[in-house]
>>> print(open('coords12.pdb').read())   # PDB, C-alpha atoms
MODEL        1
ATOM      1  CA  MET A   1       2.398 -23.004 -19.417  1.00  0.00           C
ATOM      2  CA  GLY A   2       4.151 -19.848 -20.537  1.00  0.00           C
ATOM      3  CA  ASP A   3       7.678 -18.617 -20.116  1.00  0.00           C
ATOM      4  CA  PRO A   4       8.545 -18.634 -16.391  1.00  0.00           C
ATOM      5  CA  CYS A   5      10.106 -15.172 -16.810  1.00  0.00           C
ATOM      6  CA  GLU A   6       7.067 -13.546 -18.424  1.00  0.00           C
ATOM      7  CA  PRO A   7       5.048 -11.197 -16.242  1.00  0.00           C
ATOM      8  CA  VAL A   8       1.778 -12.836 -15.241  1.00  0.00           C
ATOM      9  CA  LEU A   9      -1.261 -10.603 -14.969  1.00  0.00           C
ATOM     10  CA  MET A  10      -4.533 -11.640 -13.363  1.00  0.00           C
ATOM     11  CA  MET A  11      -7.558 -10.219 -15.158  1.00  0.00           C
ATOM     12  CA  LEU A  12     -10.157  -9.719 -12.407  1.00  0.00           C
ATOM     13  CA  ARG A  13     -13.739  -9.334 -13.582  1.00  0.00           C
ATOM     14  CA  THR A  14     -17.313 -10.026 -12.547  1.00  0.00           C
ATOM     15  CA  ALA A  15     -19.200 -13.055 -13.841  1.00  0.00           C
ATOM     16  CA  GLY A  16     -21.342 -10.800 -16.044  1.00  0.00           C
ATOM     17  CA  GLU A  17     -18.396  -9.260 -17.834  1.00  0.00           C
ATOM     18  CA  ALA A  18     -16.571 -10.637 -20.836  1.00  0.00           C
ATOM     19  CA  VAL A  19     -12.807 -10.907 -20.683  1.00  0.00           C
ATOM     20  CA  PRO A  20     -11.621  -7.399 -21.594  1.00  0.00           C
ATOM     21  CA  ALA A  21     -10.112  -7.036 -25.063  1.00  0.00           C
ATOM     22  CA  LEU A  22      -7.012  -5.630 -23.396  1.00  0.00           C
ATOM     23  CA  ALA A  23      -6.266  -9.154 -22.106  1.00  0.00           C
ATOM     24  CA  GLY A  24      -5.717 -10.443 -25.651  1.00  0.00           C
ATOM     25  CA  GLN A  25      -3.641  -7.408 -26.580  1.00  0.00           C
ATOM     26  CA  LEU A  26      -1.430  -7.869 -23.517  1.00  0.00           C
ATOM     27  CA  ALA A  27      -1.078 -11.597 -24.203  1.00  0.00           C
ATOM     28  CA  ALA A  28       0.102 -10.723 -27.718  1.00  0.00           C
ATOM     29  CA  MET A  29       2.695  -8.410 -26.134  1.00  0.00           C
ATOM     30  CA  GLY A  30       4.164 -11.292 -24.104  1.00  0.00           C
ATOM     31  CA  TYR A  31       2.274 -11.117 -20.830  1.00  0.00           C
ATOM     32  CA  GLY A  32       0.861 -14.240 -19.263  1.00  0.00           C
ATOM     33  CA  ILE A  33      -2.840 -13.684 -18.599  1.00  0.00           C
ATOM     34  CA  VAL A  34      -4.870 -15.495 -15.955  1.00  0.00           C
ATOM     35  CA  ASP A  35      -8.627 -14.879 -16.081  1.00  0.00           C
ATOM     36  CA  ALA A  36     -10.335 -14.690 -12.686  1.00  0.00           C
ATOM     37  CA  VAL A  37     -13.995 -14.062 -11.937  1.00  0.00           C
ATOM     38  CA  GLY A  38     -14.712 -12.175  -8.703  1.00  0.00           C
ATOM     39  CA  ALA A  39     -17.301 -14.593  -7.310  1.00  0.00           C
ATOM     40  CA  GLU A  40     -14.870 -17.494  -7.797  1.00  0.00           C
ATOM     41  CA  LEU A  41     -12.284 -15.767  -5.637  1.00  0.00           C
ATOM     42  CA  ASP A  42     -13.942 -16.448  -2.296  1.00  0.00           C
ATOM     43  CA  PRO A  43     -11.731 -17.906  -0.919  1.00  0.00           C
ATOM     44  CA  VAL A  44      -8.900 -17.382  -3.378  1.00  0.00           C
ATOM     45  CA  PRO A  45      -8.223 -20.721  -5.057  1.00  0.00           C
ATOM     46  CA  THR A  46      -4.550 -21.496  -5.539  1.00  0.00           C
ATOM     47  CA  ALA A  47      -5.493 -23.107  -8.848  1.00  0.00           C
ATOM     48  CA  ILE A  48      -5.908 -19.637 -10.370  1.00  0.00           C
ATOM     49  CA  GLY A  49      -2.204 -19.155 -10.808  1.00  0.00           C
ATOM     50  CA  GLY A  50      -1.039 -22.690 -10.178  1.00  0.00           C
ATOM     51  CA  SER A  51       2.595 -22.534  -9.198  1.00  0.00           C
ATOM     52  CA  ARG A  52       3.068 -19.248 -11.051  1.00  0.00           C
ATOM     53  CA  VAL A  53       3.704 -15.970  -9.324  1.00  0.00           C
ATOM     54  CA  ILE A  54       0.994 -13.470 -10.107  1.00  0.00           C
ATOM     55  CA  ASP A  55       2.763 -10.160 -10.699  1.00  0.00           C
ATOM     56  CA  LEU A  56      -0.201  -7.825 -10.994  1.00  0.00           C
ATOM     57  CA  ALA A  57      -3.998  -7.895 -10.956  1.00  0.00           C
ATOM     58  CA  LEU A  58      -6.085  -5.785 -13.302  1.00  0.00           C
ATOM     59  CA  VAL A  59      -9.489  -4.699 -11.996  1.00  0.00           C
ATOM     60  CA  SER A  60     -12.314  -4.542 -14.548  1.00  0.00           C
ATOM     61  CA  ALA A  61     -14.954  -1.838 -14.787  1.00  0.00           C
ATOM     62  CA  GLY A  62     -17.613  -4.023 -13.138  1.00  0.00           C
ATOM     63  CA  LEU A  63     -15.348  -5.169 -10.344  1.00  0.00           C
ATOM     64  CA  SER A  64     -14.198  -1.609  -9.609  1.00  0.00           C
ATOM     65  CA  THR A  65     -17.698  -0.834  -8.308  1.00  0.00           C
ATOM     66  CA  TRP A  66     -18.076  -4.140  -6.462  1.00  0.00           C
ATOM     67  CA  PRO A  67     -18.577  -3.433  -2.732  1.00  0.00           C
ATOM     68  CA  GLU A  68     -16.520  -6.487  -1.792  1.00  0.00           C
ATOM     69  CA  LEU A  69     -13.430  -5.340  -3.742  1.00  0.00           C
ATOM     70  CA  PRO A  70     -11.448  -4.315  -0.580  1.00  0.00           C
ATOM     71  CA  GLY A  71     -12.000  -7.762   0.982  1.00  0.00           C
ATOM     72  CA  LEU A  72     -11.051  -9.428  -2.292  1.00  0.00           C
ATOM     73  CA  ALA A  73      -7.835  -7.386  -2.406  1.00  0.00           C
ATOM     74  CA  VAL A  74      -6.946  -8.547   1.115  1.00  0.00           C
ATOM     75  CA  ARG A  75      -7.570 -12.209   0.194  1.00  0.00           C
ATOM     76  CA  LEU A  76      -5.534 -11.895  -2.994  1.00  0.00           C
ATOM     77  CA  ARG A  77      -2.644 -10.331  -1.117  1.00  0.00           C
ATOM     78  CA  GLY A  78      -2.848 -13.158   1.403  1.00  0.00           C
ATOM     79  CA  THR A  79      -2.068 -15.550  -1.437  1.00  0.00           C
ATOM     80  CA  TRP A  80       0.254 -13.230  -3.380  1.00  0.00           C
ATOM     81  CA  PRO A  81       1.810 -10.776  -0.884  1.00  0.00           C
ATOM     82  CA  ARG A  82       2.156  -7.177  -2.025  1.00  0.00           C
ATOM     83  CA  LEU A  83       0.184  -7.906  -5.212  1.00  0.00           C
ATOM     84  CA  PRO A  84      -0.438  -4.621  -7.035  1.00  0.00           C
ATOM     85  CA  LEU A  85      -4.012  -4.073  -8.182  1.00  0.00           C
ATOM     86  CA  VAL A  86      -4.529  -1.692 -11.089  1.00  0.00           C
ATOM     87  CA  CYS A  87      -7.819  -0.474 -12.538  1.00  0.00           C
ATOM     88  CA  LEU A  88      -8.414  -0.964 -16.257  1.00  0.00           C
ATOM     89  CA  PRO A  89      -9.062   2.195 -18.317  1.00  0.00           C
ATOM     90  CA  GLU A  90     -12.859   1.744 -18.221  1.00  0.00           C
ATOM     91  CA  ALA A  91     -12.965   1.137 -14.447  1.00  0.00           C
ATOM     92  CA  ALA A  92     -14.332   3.593 -11.925  1.00  0.00           C
ATOM     93  CA  PRO A  93     -11.634   5.191  -9.769  1.00  0.00           C
ATOM     94  CA  VAL A  94     -10.878   3.118  -6.674  1.00  0.00           C
ATOM     95  CA  PRO A  95      -9.193   4.909  -3.766  1.00  0.00           C
ATOM     96  CA  GLY A  96      -5.662   3.638  -3.275  1.00  0.00           C
ATOM     97  CA  LEU A  97      -5.442   1.810  -6.608  1.00  0.00           C
ATOM     98  CA  PRO A  98      -3.527   3.132  -9.611  1.00  0.00           C
ATOM     99  CA  ALA A  99      -5.500   3.270 -12.837  1.00  0.00           C
ATOM    100  CA  LEU A 100      -4.736   2.980 -16.503  1.00  0.00           C
ATOM    101  CA  THR A 101      -6.299   5.906 -18.340  1.00  0.00           C
ATOM    102  CA  PRO A 102      -8.371   5.600 -21.531  1.00  0.00           C
ATOM    103  CA  ASP A 103      -5.998   7.896 -23.429  1.00  0.00           C
ATOM    104  CA  MET A 104      -3.004   5.544 -22.955  1.00  0.00           C
ATOM    105  CA  SER A 105      -1.712   3.664 -25.990  1.00  0.00           C
ATOM    106  CA  LEU A 106      -0.907  -0.059 -25.726  1.00  0.00           C
ATOM    107  CA  PRO A 107       2.861   0.628 -25.473  1.00  0.00           C
ATOM    108  CA  GLU A 108       2.181   3.179 -22.697  1.00  0.00           C
ATOM    109  CA  ILE A 109      -0.006   0.670 -20.869  1.00  0.00           C
ATOM    110  CA  CYS A 110       2.747  -1.963 -21.172  1.00  0.00           C
ATOM    111  CA  GLU A 111       5.348   0.501 -19.909  1.00  0.00           C
ATOM    112  CA  ARG A 112       3.181   1.396 -16.892  1.00  0.00           C
ATOM    113  CA  LEU A 113       2.455  -2.267 -16.115  1.00  0.00           C
ATOM    114  CA  ASP A 114       6.159  -3.091 -16.403  1.00  0.00           C
ATOM    115  CA  GLU A 115       6.987  -0.305 -13.940  1.00  0.00           C
ATOM    116  CA  LEU A 116       4.451  -1.663 -11.449  1.00  0.00           C
ATOM    117  CA  VAL A 117       5.584  -5.284 -11.904  1.00  0.00           C
ATOM    118  CA  LEU A 118       9.248  -4.335 -11.476  1.00  0.00           C
ATOM    119  CA  SER A 119       8.465  -2.234  -8.416  1.00  0.00           C
ATOM    120  CA  ALA A 120       6.513  -5.110  -6.836  1.00  0.00           C
ATOM    121  CA  ALA A 121       9.323  -7.561  -7.678  1.00  0.00           C
ATOM    122  CA  GLN A 122      11.847  -5.231  -6.066  1.00  0.00           C
ATOM    123  CA  VAL A 123       9.724  -4.970  -2.909  1.00  0.00           C
ATOM    124  CA  ARG A 124       9.405  -8.789  -2.808  1.00  0.00           C
ATOM    125  CA  ALA A 125      13.179  -9.180  -3.239  1.00  0.00           C
ATOM    126  CA  GLU A 126      13.871  -6.633  -0.496  1.00  0.00           C
ATOM    127  CA  ALA A 127      11.376  -8.327   1.817  1.00  0.00           C
ATOM    128  CA  GLU A 128      12.983 -11.711   1.157  1.00  0.00           C
ATOM    129  CA  SER A 129      16.421 -10.250   1.859  1.00  0.00           C
ATOM    130  CA  LEU A 130      15.154  -8.786   5.139  1.00  0.00           C
ATOM    131  CA  ARG A 131      13.611 -12.162   6.076  1.00  0.00           C
ATOM    132  CA  ARG A 132      16.925 -13.916   5.406  1.00  0.00           C
ATOM    133  CA  ARG A 133      18.826 -11.324   7.462  1.00  0.00           C
ATOM    134  CA  ALA A 134      16.309 -11.587  10.301  1.00  0.00           C
ATOM    135  CA  SER A 135      16.623 -15.378  10.303  1.00  0.00           C
ATOM    136  CA  ALA A 136      20.409 -15.126  10.395  1.00  0.00           C
ATOM    137  CA  LEU A 137      20.245 -12.641  13.282  1.00  0.00           C
ATOM    138  CA  ALA A 138      17.792 -14.848  15.171  1.00  0.00           C
ATOM    139  CA  ALA A 139      20.136 -17.810  14.743  1.00  0.00           C
ATOM    140  CA  GLN A 140      23.028 -15.672  15.946  1.00  0.00           C
ATOM    141  CA  VAL A 141      21.032 -14.609  19.030  1.00  0.00           C
ATOM    142  CA  ARG A 142      20.144 -18.250  19.748  1.00  0.00           C
ATOM    143  CA  ARG A 143      23.808 -19.216  19.494  1.00  0.00           C
ATOM    144  CA  GLY A 144      24.696 -16.267  21.752  1.00  0.00           C
ATOM    145  CA  ARG A 145      22.116 -17.342  24.332  1.00  0.00           C
ATOM    146  CA  MET A 146      23.458 -20.885  24.284  1.00  0.00           C
ATOM    147  CA  GLY A 147      26.986 -19.525  24.713  1.00  0.00           C
ATOM    148  CA  LEU A 148      25.844 -17.229  27.523  1.00  0.00           C
ATOM    149  CA  GLY A 149      24.132 -20.151  29.239  1.00  0.00           C
ATOM    150  CA  ASP A 150      27.337 -22.162  28.955  1.00  0.00           C
ATOM    151  CA  ALA A 151      29.373 -19.201  30.286  1.00  0.00           C
ATOM    152  CA  VAL A 152      27.037 -18.793  33.282  1.00  0.00           C
ATOM    153  CA  ALA A 153      27.237 -22.524  34.032  1.00  0.00           C
ATOM    154  CA  ASP A 154      31.050 -22.371  33.773  1.00  0.00           C
ATOM    155  CA  ALA A 155      31.160 -19.316  36.063  1.00  0.00           C
ATOM    156  CA  ARG A 156      28.976 -21.060  38.655  1.00  0.00           C
ATOM    157  CA  ARG A 157      31.152 -24.166  38.480  1.00  0.00           C
ATOM    158  CA  LEU A 158      34.331 -22.090  38.876  1.00  0.00           C
ATOM    159  CA  LEU A 159      32.808 -20.107  41.776  1.00  0.00           C
ATOM    160  CA  THR A 160      31.825 -23.326  43.527  1.00  0.00           C
ATOM    161  CA  GLU A 161      35.312 -24.746  42.978  1.00  0.00           C
ATOM    162  CA  ALA A 162      36.939 -21.524  44.225  1.00  0.00           C
ATOM    163  CA  ARG A 163      34.799 -21.555  47.362  1.00  0.00           C
ATOM    164  CA  ARG A 164      35.620 -25.185  47.987  1.00  0.00           C
ATOM    165  CA  LEU A 165      39.315 -24.531  47.563  1.00  0.00           C
ATOM    166  CA  SER A 166      39.228 -21.477  49.833  1.00  0.00           C
ATOM    167  CA  GLY A 167      37.476 -23.455  52.508  1.00  0.00           C
ATOM    168  CA  ARG A 168      34.167 -21.733  52.141  1.00  0.00           C
ATOM    169  CA  GLY A 169      31.358 -24.042  51.122  1.00  0.00           C
ATOM    170  CA  GLY A 170      28.966 -21.337  50.115  1.00  0.00           C
ATOM    171  CA  PRO A 171      26.828 -18.474  51.402  1.00  0.00           C
ATOM    172  CA  GLU A 172      25.711 -20.462  54.478  1.00  0.00           C
ATOM    173  CA  ASP A 173      29.319 -20.487  55.748  1.00  0.00           C
ATOM    174  CA  SER A 174      29.508 -16.689  55.955  1.00  0.00           C
TER     175      SER A 174
ENDMDL
END
>>> encode(input="coords12.pdb", output="structure tokens")
Amino acid sequence: MGDPCEPVLMMLRTAGEAVPALAGQLAAMGYGIVDAVGAELDPVPTAIGGSRVIDLALVSAGLSTWPELPGLAVRLRGTWPRLPLVCLPEAAPVPGLPALTPDMSLPEICERLDELVLSAAQVRAEAESLRRRASALAAQVRRGRMGLGDAVADARRLLTEARRLSGRGGPEDS
């Protein structure tokens, strides 16, 4: 297993494609690479990344034209929320997915991938912060409801006691 702080990229490809050469180049630059074949991703096996967080998925040329790519993206994001998918330089353009261009050098590709990984990590951190705040607010509301319930019970008890002391037993005495 690699460094837990290294970005982990999933190399998505079809069964007929070889692992793109870019995978080896990125691994040499310090990225963790997980190879994933499209047909094996239905449903998405958790064994692909193990306990690792997948930071970004790279879409191969063959997979970019795969009609089931949108469904695959949904399944992947079910396992790894807000997972960015990026098309490799040779891939056909996919609406809604950023692409690496063939004219990019390896350092430029790394810089672009780092930007996307950092952006996704920031979104995950913000989402986690919002979840924690929402949980704290929900707990505060629950405590408030319990306190309100206690206050209502106390008010009813005091009203009953006041009526008893004033000689009025309740609404039927009016």
>>> resolve_selection(input="coords12.pdb", expression="the PyMOL selection byres ((chain A and resi 117) around 12)", output="mmCIF file with C-alpha atoms, keeping the file's coordinate frame")
data_model
loop_
_atom_site.group_PDB
_atom_site.id
_atom_site.type_symbol
_atom_site.label_atom_id
_atom_site.label_comp_id
_atom_site.auth_asym_id
_atom_site.auth_seq_id
_atom_site.Cartn_x
_atom_site.Cartn_y
_atom_site.Cartn_z
ATOM 1 C CA CYS A 5 10.106 -15.172 -16.810
ATOM 2 C CA GLU A 6 7.067 -13.546 -18.424
ATOM 3 C CA PRO A 7 5.048 -11.197 -16.242
ATOM 4 C CA VAL A 8 1.778 -12.836 -15.241
ATOM 5 C CA LEU A 9 -1.261 -10.603 -14.969
ATOM 6 C CA TYR A 31 2.274 -11.117 -20.830
ATOM 7 C CA VAL A 53 3.704 -15.970 -9.324
ATOM 8 C CA ILE A 54 0.994 -13.470 -10.107
ATOM 9 C CA ASP A 55 2.763 -10.160 -10.699
ATOM 10 C CA LEU A 56 -0.201 -7.825 -10.994
ATOM 11 C CA ALA A 57 -3.998 -7.895 -10.956
ATOM 12 C CA LEU A 58 -6.085 -5.785 -13.302
ATOM 13 C CA ARG A 82 2.156 -7.177 -2.025
ATOM 14 C CA LEU A 83 0.184 -7.906 -5.212
ATOM 15 C CA PRO A 84 -0.438 -4.621 -7.035
ATOM 16 C CA LEU A 85 -4.012 -4.073 -8.182
ATOM 17 C CA VAL A 86 -4.529 -1.692 -11.089
ATOM 18 C CA CYS A 110 2.747 -1.963 -21.172
ATOM 19 C CA GLU A 111 5.348 0.501 -19.909
ATOM 20 C CA ARG A 112 3.181 1.396 -16.892
ATOM 21 C CA LEU A 113 2.455 -2.267 -16.115
ATOM 22 C CA ASP A 114 6.159 -3.091 -16.403
ATOM 23 C CA GLU A 115 6.987 -0.305 -13.940
ATOM 24 C CA LEU A 116 4.451 -1.663 -11.449
ATOM 25 C CA LEU A 118 9.248 -4.335 -11.476
ATOM 26 C CA SER A 119 8.465 -2.234 -8.416
ATOM 27 C CA ALA A 120 6.513 -5.110 -6.836
ATOM 28 C CA ALA A 121 9.323 -7.561 -7.678
ATOM 29 C CA GLN A 122 11.847 -5.231 -6.066
ATOM 30 C CA VAL A 123 9.724 -4.970 -2.909
ATOM 31 C CA ARG A 124 9.405 -8.789 -2.808
#
>>> atom_distance(input="coords12.pdb", atom1="CA of Ala23 (chain A)", atom2="CA of Met11 (chain A)")
7.1 Å
>>> resolve_selection(input="coords12.pdb", expression="the PyMOL selection byres ((chain A and resi 61) around 6)", output="VMD selection string")
chain A and resid 60 62 to 64 90 to 91
>>> residues_near_point(input="coords12.pdb", point="(5.6, -9.3, 2.5)", cutoff="10 Å", atoms="all atoms listed in the file", output="number ranges by chain")
A: 77-78, 80-83, 123-128, 130-131
>>> closest_residue(input="coords12.pdb", among="A:Arg132, A:Glu68, A:Leu106, A:Val141", to="Leu22 (chain A)", atoms="all atoms listed in the file")
A:Leu106
>>> resolve_selection(input="coords12.pdb", expression="the PyMOL selection byres ((chain A and resi 19) around 12)", output="ChimeraX atom specification")
/A:10-18,20-25,33-37,58-62,88
>>> atom_distance(input="coords12.pdb", atom1="CA of Arg133 (chain A)", atom2="CA of Leu148 (chain A)")
22.1 Å
>>> axis_aligned_box(input="coords12.pdb", around="region 85-100 of chain A", padding_each_side="3 Å", output="AutoDock Vina command-line options")
--center_x -8.9 --center_y 0.6 --center_z -10.8 --size_x 16.8 --size_y 15.3 --size_z 21.0
>>> atom_distance(input="coords12.pdb", atom1="CA of Leu26 (chain A)", atom2="CA of Ile109 (chain A)")
9.1 Å
>>> residues_around(input="coords12.pdb", residues="Pro93 (chain A)", least_positions_apart="5", cutoff="9 Å", atoms="only C-alpha atoms", output="PyMOL selection string")
chain A and resi 64-65+87+98-99
